[in-house]
Amino acid sequence: MNGKIAIPRKFYFILFASVIAICLFSFTIGRELYAGKTESIFSFGLIHFSGYLFFLLMPVELAFIYYLPFYSGFDLIATAMATAITAQCIDYIIGRLLRPRKIIELMGHKRIVKAERKIQQFGMLTIFVFNLFPLSSPVIALAAGMLRYDFRRFLAVSILGLMLKYVVIFLCFA
């Protein structure tokens, strides 16, 4: 040993993702709060889109609740749906195009294998259920892409799950 501490690559990935998440919040909500401005639908869309990318994993449902007093339910649900579906399509395409070994190295072997196993076992039900809960659907989208799951089925079931989630959140917190 040469006295150096070995830092795993995953640490750098987590650090990078954390810096991006902090910058997103600082440059959107933080700047608006500091300037005394009302929160904008653009900042919500940016945060929401970023939270649905598999490498950031932010609790965007809390942002949805935070923005409820400022915008109508229709505007927030429409923005949430558009940004979540766009980000999940990107996750799916990344899963389809990147080498599985690189993705597994970034996301963790157990997490990806668990998601793949659930999709193989339960198919559309897995995608639907995971879209109902926070922080899980981006990983499922990535795994669905890696498994080359039918894109149209993935998209339809994701839309249904996300729509139900945001309508329920709206009804509970409006």
# chains A, B, ... in the order shown; residues from 1 in each chain; ligands from 1

call {"tool": "residues_around", "arguments": {"residues": "region 59-61 of chain A", "least_positions_apart": "5", "cutoff": "9 Å", "atoms": "only C-alpha atoms", "output": "PDB file with all heavy atoms, in the first residue's frame"}}
result
ATOM      1  N   ILE A  47     -36.991  21.072 -12.575  1.00  0.00           N
ATOM      2  CA  ILE A  47     -36.728  20.194 -11.429  1.00  0.00           C
ATOM      3  C   ILE A  47     -37.394  18.842 -11.635  1.00  0.00           C
ATOM      4  O   ILE A  47     -36.793  17.792 -11.388  1.00  0.00           O
ATOM      5  CB  ILE A  47     -37.215  20.855 -10.121  1.00  0.00           C
ATOM      6  CG1 ILE A  47     -36.310  22.026  -9.782  1.00  0.00           C
ATOM      7  CG2 ILE A  47     -37.263  19.860  -8.978  1.00  0.00           C
ATOM      8  CD1 ILE A  47     -36.841  22.920  -8.698  1.00  0.00           C
ATOM      9  N   HIS A  48     -38.615  18.862 -12.094  1.00  0.00           N
ATOM     10  CA  HIS A  48     -39.361  17.619 -12.291  1.00  0.00           C
ATOM     11  C   HIS A  48     -38.713  16.743 -13.360  1.00  0.00           C
ATOM     12  O   HIS A  48     -38.552  15.542 -13.174  1.00  0.00           O
ATOM     13  CB  HIS A  48     -40.813  17.948 -12.647  1.00  0.00           C
ATOM     14  CG  HIS A  48     -41.723  16.798 -12.449  1.00  0.00           C
ATOM     15  ND1 HIS A  48     -42.023  15.923 -13.453  1.00  0.00           N
ATOM     16  CD2 HIS A  48     -42.386  16.370 -11.344  1.00  0.00           C
ATOM     17  CE1 HIS A  48     -42.843  15.005 -12.984  1.00  0.00           C
ATOM     18  NE2 HIS A  48     -43.080  15.251 -11.708  1.00  0.00           N
ATOM     19  N   PHE A  49     -38.330  17.343 -14.471  1.00  0.00           N
ATOM     20  CA  PHE A  49     -37.655  16.600 -15.535  1.00  0.00           C
ATOM     21  C   PHE A  49     -36.360  15.978 -15.012  1.00  0.00           C
ATOM     22  O   PHE A  49     -36.093  14.796 -15.221  1.00  0.00           O
ATOM     23  CB  PHE A  49     -37.352  17.535 -16.717  1.00  0.00           C
ATOM     24  CG  PHE A  49     -36.479  16.913 -17.755  1.00  0.00           C
ATOM     25  CD1 PHE A  49     -37.006  16.016 -18.678  1.00  0.00           C
ATOM     26  CD2 PHE A  49     -35.130  17.220 -17.830  1.00  0.00           C
ATOM     27  CE1 PHE A  49     -36.200  15.432 -19.646  1.00  0.00           C
ATOM     28  CE2 PHE A  49     -34.318  16.646 -18.789  1.00  0.00           C
ATOM     29  CZ  PHE A  49     -34.855  15.744 -19.696  1.00  0.00           C
ATOM     30  N   SER A  50     -35.576  16.770 -14.317  1.00  0.00           N
ATOM     31  CA  SER A  50     -34.295  16.279 -13.797  1.00  0.00           C
ATOM     32  C   SER A  50     -34.477  15.143 -12.811  1.00  0.00           C
ATOM     33  O   SER A  50     -33.689  14.194 -12.783  1.00  0.00           O
ATOM     34  CB  SER A  50     -33.536  17.420 -13.120  1.00  0.00           C
ATOM     35  OG  SER A  50     -33.320  18.466 -14.023  1.00  0.00           O
ATOM     36  N   GLY A  51     -35.513  15.223 -11.993  1.00  0.00           N
ATOM     37  CA  GLY A  51     -35.760  14.183 -10.993  1.00  0.00           C
ATOM     38  C   GLY A  51     -36.148  12.854 -11.593  1.00  0.00           C
ATOM     39  O   GLY A  51     -36.006  11.813 -10.952  1.00  0.00           O
ATOM     40  N   TYR A  52     -36.635  12.859 -12.821  1.00  0.00           N
ATOM     41  CA  TYR A  52     -37.008  11.606 -13.474  1.00  0.00           C
ATOM     42  C   TYR A  52     -35.883  11.027 -14.316  1.00  0.00           C
ATOM     43  O   TYR A  52     -36.056   9.980 -14.924  1.00  0.00           O
ATOM     44  CB  TYR A  52     -38.277  11.779 -14.315  1.00  0.00           C
ATOM     45  CG  TYR A  52     -39.515  11.479 -13.504  1.00  0.00           C
ATOM     46  CD1 TYR A  52     -40.197  12.486 -12.855  1.00  0.00           C
ATOM     47  CD2 TYR A  52     -39.961  10.172 -13.346  1.00  0.00           C
ATOM     48  CE1 TYR A  52     -41.304  12.208 -12.086  1.00  0.00           C
ATOM     49  CE2 TYR A  52     -41.070   9.892 -12.574  1.00  0.00           C
ATOM     50  CZ  TYR A  52     -41.738  10.914 -11.952  1.00  0.00           C
ATOM     51  OH  TYR A  52     -42.828  10.630 -11.193  1.00  0.00           O
ATOM     52  N   TYR A  66     -45.240  21.279  -3.325  1.00  0.00           N
ATOM     53  CA  TYR A  66     -44.770  22.634  -3.033  1.00  0.00           C
ATOM     54  C   TYR A  66     -45.375  23.656  -3.999  1.00  0.00           C
ATOM     55  O   TYR A  66     -45.736  24.767  -3.610  1.00  0.00           O
ATOM     56  CB  TYR A  66     -43.235  22.664  -3.106  1.00  0.00           C
ATOM     57  CG  TYR A  66     -42.649  24.041  -2.960  1.00  0.00           C
ATOM     58  CD1 TYR A  66     -42.519  24.629  -1.701  1.00  0.00           C
ATOM     59  CD2 TYR A  66     -42.235  24.774  -4.067  1.00  0.00           C
ATOM     60  CE1 TYR A  66     -41.983  25.900  -1.562  1.00  0.00           C
ATOM     61  CE2 TYR A  66     -41.697  26.042  -3.936  1.00  0.00           C
ATOM     62  CZ  TYR A  66     -41.576  26.593  -2.681  1.00  0.00           C
ATOM     63  OH  TYR A  66     -41.057  27.852  -2.541  1.00  0.00           O
ATOM     64  N   PRO A 134     -42.706   7.125  -5.448  1.00  0.00           N
ATOM     65  CA  PRO A 134     -41.552   8.005  -5.667  1.00  0.00           C
ATOM     66  C   PRO A 134     -40.245   7.244  -5.856  1.00  0.00           C
ATOM     67  O   PRO A 134     -40.057   6.161  -5.311  1.00  0.00           O
ATOM     68  CB  PRO A 134     -41.489   8.837  -4.385  1.00  0.00           C
ATOM     69  CG  PRO A 134     -42.792   8.659  -3.718  1.00  0.00           C
ATOM     70  CD  PRO A 134     -43.350   7.340  -4.173  1.00  0.00           C
ATOM     71  N   LEU A 135     -39.368   7.822  -6.640  1.00  0.00           N
ATOM     72  CA  LEU A 135     -37.974   7.409  -6.819  1.00  0.00           C
ATOM     73  C   LEU A 135     -37.744   6.063  -7.502  1.00  0.00           C
ATOM     74  O   LEU A 135     -36.615   5.620  -7.590  1.00  0.00           O
ATOM     75  CB  LEU A 135     -37.237   7.385  -5.474  1.00  0.00           C
ATOM     76  CG  LEU A 135     -37.115   8.700  -4.741  1.00  0.00           C
ATOM     77  CD1 LEU A 135     -36.445   8.479  -3.394  1.00  0.00           C
ATOM     78  CD2 LEU A 135     -36.336   9.701  -5.546  1.00  0.00           C
ATOM     79  N   TYR A 166     -50.274  11.455  -9.947  1.00  0.00           N
ATOM     80  CA  TYR A 166     -50.397  12.905  -9.803  1.00  0.00           C
ATOM     81  C   TYR A 166     -51.829  13.356  -9.539  1.00  0.00           C
ATOM     82  O   TYR A 166     -52.038  14.348  -8.834  1.00  0.00           O
ATOM     83  CB  TYR A 166     -49.763  13.624 -10.994  1.00  0.00           C
ATOM     84  CG  TYR A 166     -48.256  13.576 -10.876  1.00  0.00           C
ATOM     85  CD1 TYR A 166     -47.485  12.818 -11.743  1.00  0.00           C
ATOM     86  CD2 TYR A 166     -47.611  14.230  -9.836  1.00  0.00           C
ATOM     87  CE1 TYR A 166     -46.118  12.740 -11.593  1.00  0.00           C
ATOM     88  CE2 TYR A 166     -46.242  14.154  -9.678  1.00  0.00           C
ATOM     89  CZ  TYR A 166     -45.502  13.416 -10.558  1.00  0.00           C
ATOM     90  OH  TYR A 166     -44.152  13.329 -10.391  1.00  0.00           O
ATOM     91  N   ILE A 169     -52.187  12.667  -5.787  1.00  0.00           N
ATOM     92  CA  ILE A 169     -51.457  13.675  -5.012  1.00  0.00           C
ATOM     93  C   ILE A 169     -52.228  15.000  -5.030  1.00  0.00           C
ATOM     94  O   ILE A 169     -52.367  15.653  -4.002  1.00  0.00           O
ATOM     95  CB  ILE A 169     -50.024  13.860  -5.542  1.00  0.00           C
ATOM     96  CG1 ILE A 169     -49.188  12.617  -5.253  1.00  0.00           C
ATOM     97  CG2 ILE A 169     -49.367  15.075  -4.889  1.00  0.00           C
ATOM     98  CD1 ILE A 169     -47.813  12.634  -5.898  1.00  0.00           C
TER      99      ILE A 169
END

call {"tool": "atom_distance", "arguments": {"atom1": "CA of Ala82 (chain A)", "atom2": "CA of Leu162 (chain A)"}}
result
10.3 Å

call {"tool": "closest_residue", "arguments": {"among": "A:Arg111, A:Lys165, A:Lys118, A:Arg96", "to": "Phe133 (chain A)", "atoms": "only C-alpha atoms"}}
result
A:Lys165

call {"tool": "residues_around", "arguments": {"residues": "region 137-153 of chain A", "least_positions_apart": "5", "cutoff": "8 Å", "atoms": "only C-alpha atoms", "output": "MDAnalysis selection string"}}
result
chainID A and resid 52:54 57 88:89 91:97 100 112 115:116 119 124 127 130:131

call {"tool": "closest_residue", "arguments": {"among": "A:Phe44, A:Phe173, A:Phe154, A:Phe128", "to": "Tyr67 (chain A)", "atoms": "only C-alpha atoms"}}
result
A:Phe44

call {"tool": "atom_distance", "arguments": {"atom1": "CA of Phe70 (chain A)", "atom2": "CA of Ala156 (chain A)"}}
result
29.4 Å

call {"tool": "atom_distance", "arguments": {"atom1": "CA of Thr86 (chain A)", "atom2": "CA of Ser158 (chain A)"}}
result
11.1 Å

call {"tool": "residues_around", "arguments": {"residues": "Gly45 (chain A)", "least_positions_apart": "5", "cutoff": "8 Å", "atoms": "only C-alpha atoms", "output": "ChimeraX atom specification"}}
result
/A:79-80,83

call {"tool": "write_last_selection", "arguments": {"atoms": "N, CA and C atoms", "output": "short mmCIF file (atom, residue, chain, number, x, y, z; two decimals), in the first residue's frame"}}
result
data_model
loop_
_atom_site.label_atom_id
_atom_site.label_comp_id
_atom_site.auth_asym_id
_atom_site.auth_seq_id
_atom_site.Cartn_x
_atom_site.Cartn_y
_atom_site.Cartn_z
N THR A 79 -47.66 19.63 -16.77
CA THR A 79 -46.21 19.82 -16.76
C THR A 79 -45.51 18.59 -16.19
N ALA A 80 -46.04 18.05 -15.11
CA ALA A 80 -45.45 16.86 -14.49
C ALA A 80 -45.46 15.69 -15.47
N THR A 83 -42.94 16.33 -18.51
CA THR A 83 -41.53 16.23 -18.14
C THR A 83 -41.16 14.81 -17.69
#

call {"tool": "select_by_dssp", "arguments": {"residues": "region 53-171 of chain A", "states": "helix (DSSP H, G or I)", "output": "ChimeraX atom specification"}}
result
/A:60-67,73-97,100-107,109-122,124-132,137-146,151-171

call {"tool": "closest_residue", "arguments": {"among": "A:Val129, A:Ile85, A:Val157, A:Ile77", "to": "Ile65 (chain A)", "atoms": "only C-alpha atoms"}}
result
A:Ile77

call {"tool": "decode", "arguments": {"residues": "region 59-75 of chain A", "atoms": "all heavy atoms", "output": "short mmCIF file (atom, residue, chain, number, x, y, z; two decimals), in the first residue's frame"}}
result
data_model
loop_
_atom_site.label_atom_id
_atom_site.label_comp_id
_atom_site.auth_asym_id
_atom_site.auth_seq_id
_atom_site.Cartn_x
_atom_site.Cartn_y
_atom_site.Cartn_z
N PRO A 59 -36.86 13.42 -5.04
CA PRO A 59 -38.29 13.24 -4.70
C PRO A 59 -39.14 14.37 -5.31
O PRO A 59 -39.55 15.30 -4.63
CB PRO A 59 -38.29 13.28 -3.17
CG PRO A 59 -37.11 14.14 -2.84
CD PRO A 59 -36.08 13.87 -3.90
N VAL A 60 -39.41 14.27 -6.60
CA VAL A 60 -40.11 15.33 -7.32
C VAL A 60 -41.56 15.47 -6.89
O VAL A 60 -42.18 16.51 -7.14
CB VAL A 60 -40.00 15.13 -8.84
CG1 VAL A 60 -38.57 15.32 -9.31
CG2 VAL A 60 -40.52 13.77 -9.25
N GLU A 61 -42.11 14.47 -6.27
CA GLU A 61 -43.48 14.57 -5.78
C GLU A 61 -43.60 15.68 -4.73
O GLU A 61 -44.63 16.34 -4.63
CB GLU A 61 -43.95 13.23 -5.21
CG GLU A 61 -44.10 12.14 -6.25
CD GLU A 61 -42.78 11.49 -6.65
OE1 GLU A 61 -41.76 11.73 -5.99
OE2 GLU A 61 -42.78 10.73 -7.63
N LEU A 62 -42.53 15.90 -3.98
CA LEU A 62 -42.53 16.99 -3.01
C LEU A 62 -42.54 18.35 -3.71
O LEU A 62 -43.18 19.30 -3.24
CB LEU A 62 -41.31 16.89 -2.09
CG LEU A 62 -41.27 15.69 -1.15
CD1 LEU A 62 -39.97 15.66 -0.36
CD2 LEU A 62 -42.47 15.70 -0.23
N ALA A 63 -41.85 18.45 -4.84
CA ALA A 63 -41.89 19.69 -5.62
C ALA A 63 -43.31 19.93 -6.14
O ALA A 63 -43.78 21.07 -6.15
CB ALA A 63 -40.90 19.62 -6.79
N PHE A 64 -43.98 18.87 -6.56
CA PHE A 64 -45.36 18.99 -7.04
C PHE A 64 -46.24 19.56 -5.93
O PHE A 64 -47.01 20.50 -6.14
CB PHE A 64 -45.87 17.61 -7.48
CG PHE A 64 -47.24 17.63 -8.06
CD1 PHE A 64 -47.43 17.85 -9.41
CD2 PHE A 64 -48.36 17.42 -7.26
CE1 PHE A 64 -48.70 17.86 -9.96
CE2 PHE A 64 -49.63 17.43 -7.80
CZ PHE A 64 -49.80 17.65 -9.15
N ILE A 65 -46.10 19.03 -4.74
CA ILE A 65 -46.89 19.51 -3.59
C ILE A 65 -46.53 20.96 -3.27
O ILE A 65 -47.39 21.79 -2.99
CB ILE A 65 -46.69 18.59 -2.38
CG1 ILE A 65 -47.26 17.19 -2.67
CG2 ILE A 65 -47.32 19.18 -1.12
CD1 ILE A 65 -46.85 16.12 -1.68
N TYR A 66 -45.24 21.28 -3.32
CA TYR A 66 -44.77 22.63 -3.03
C TYR A 66 -45.38 23.66 -4.00
O TYR A 66 -45.74 24.77 -3.61
CB TYR A 66 -43.23 22.66 -3.11
CG TYR A 66 -42.65 24.04 -2.96
CD1 TYR A 66 -42.52 24.63 -1.70
CD2 TYR A 66 -42.23 24.77 -4.07
CE1 TYR A 66 -41.98 25.90 -1.56
CE2 TYR A 66 -41.70 26.04 -3.94
CZ TYR A 66 -41.58 26.59 -2.68
OH TYR A 66 -41.06 27.85 -2.54
N TYR A 67 -45.50 23.30 -5.26
CA TYR A 67 -46.00 24.22 -6.29
C TYR A 67 -47.52 24.29 -6.37
O TYR A 67 -48.06 25.14 -7.08
CB TYR A 67 -45.43 23.85 -7.66
CG TYR A 67 -44.05 24.39 -7.90
CD1 TYR A 67 -42.92 23.69 -7.47
CD2 TYR A 67 -43.85 25.58 -8.57
CE1 TYR A 67 -41.66 24.17 -7.69
CE2 TYR A 67 -42.58 26.08 -8.79
CZ TYR A 67 -41.48 25.37 -8.36
OH TYR A 67 -40.23 25.85 -8.58
N LEU A 68 -48.24 23.42 -5.68
CA LEU A 68 -49.71 23.40 -5.76
C LEU A 68 -50.37 24.75 -5.44
O LEU A 68 -51.32 25.13 -6.12
CB LEU A 68 -50.28 22.32 -4.84
CG LEU A 68 -50.44 20.95 -5.47
CD1 LEU A 68 -50.87 19.93 -4.43
CD2 LEU A 68 -51.42 20.96 -6.63
N PRO A 69 -49.91 25.49 -4.44
CA PRO A 69 -50.58 26.77 -4.17
C PRO A 69 -50.41 27.83 -5.27
O PRO A 69 -51.16 28.79 -5.34
CB PRO A 69 -49.91 27.27 -2.88
CG PRO A 69 -49.23 26.10 -2.29
CD PRO A 69 -48.92 25.17 -3.41
N PHE A 70 -49.41 27.64 -6.14
CA PHE A 70 -49.08 28.66 -7.12
C PHE A 70 -49.72 28.44 -8.49
O PHE A 70 -49.83 29.37 -9.28
CB PHE A 70 -47.56 28.76 -7.30
CG PHE A 70 -46.84 29.01 -6.00
CD1 PHE A 70 -46.14 27.99 -5.37
CD2 PHE A 70 -46.88 30.26 -5.40
CE1 PHE A 70 -45.49 28.22 -4.18
CE2 PHE A 70 -46.24 30.49 -4.20
CZ PHE A 70 -45.54 29.47 -3.59
N TYR A 71 -50.13 27.22 -8.79
CA TYR A 71 -50.65 26.90 -10.13
C TYR A 71 -51.87 25.99 -10.03
O TYR A 71 -52.05 25.29 -9.04
CB TYR A 71 -49.57 26.23 -10.99
CG TYR A 71 -48.45 27.18 -11.29
CD1 TYR A 71 -47.29 27.17 -10.52
CD2 TYR A 71 -48.56 28.11 -12.30
CE1 TYR A 71 -46.27 28.07 -10.76
CE2 TYR A 71 -47.55 29.02 -12.56
CZ TYR A 71 -46.41 29.00 -11.78
OH TYR A 71 -45.41 29.90 -12.02
N SER A 72 -52.64 25.97 -11.09
CA SER A 72 -53.81 25.09 -11.12
C SER A 72 -53.36 23.64 -11.19
O SER A 72 -52.25 23.34 -11.67
CB SER A 72 -54.70 25.42 -12.33
OG SER A 72 -54.08 24.99 -13.52
N GLY A 73 -54.23 22.76 -10.75
CA GLY A 73 -53.92 21.33 -10.81
C GLY A 73 -53.67 20.87 -12.23
O GLY A 73 -52.76 20.07 -12.48
N PHE A 74 -54.45 21.40 -13.17
CA PHE A 74 -54.27 21.00 -14.57
C PHE A 74 -52.89 21.38 -15.08
O PHE A 74 -52.21 20.57 -15.72
CB PHE A 74 -55.35 21.65 -15.46
CG PHE A 74 -55.17 21.32 -16.91
CD1 PHE A 74 -55.60 20.09 -17.41
CD2 PHE A 74 -54.55 22.22 -17.77
CE1 PHE A 74 -55.41 19.77 -18.74
CE2 PHE A 74 -54.36 21.90 -19.10
CZ PHE A 74 -54.80 20.68 -19.59
N ASP A 75 -52.44 22.62 -14.80
CA ASP A 75 -51.12 23.06 -15.26
C ASP A 75 -50.01 22.21 -14.66
O ASP A 75 -49.07 21.82 -15.36
CB ASP A 75 -50.89 24.53 -14.90
CG ASP A 75 -51.75 25.48 -15.72
OD1 ASP A 75 -52.28 25.05 -16.77
OD2 ASP A 75 -51.89 26.64 -15.30
#
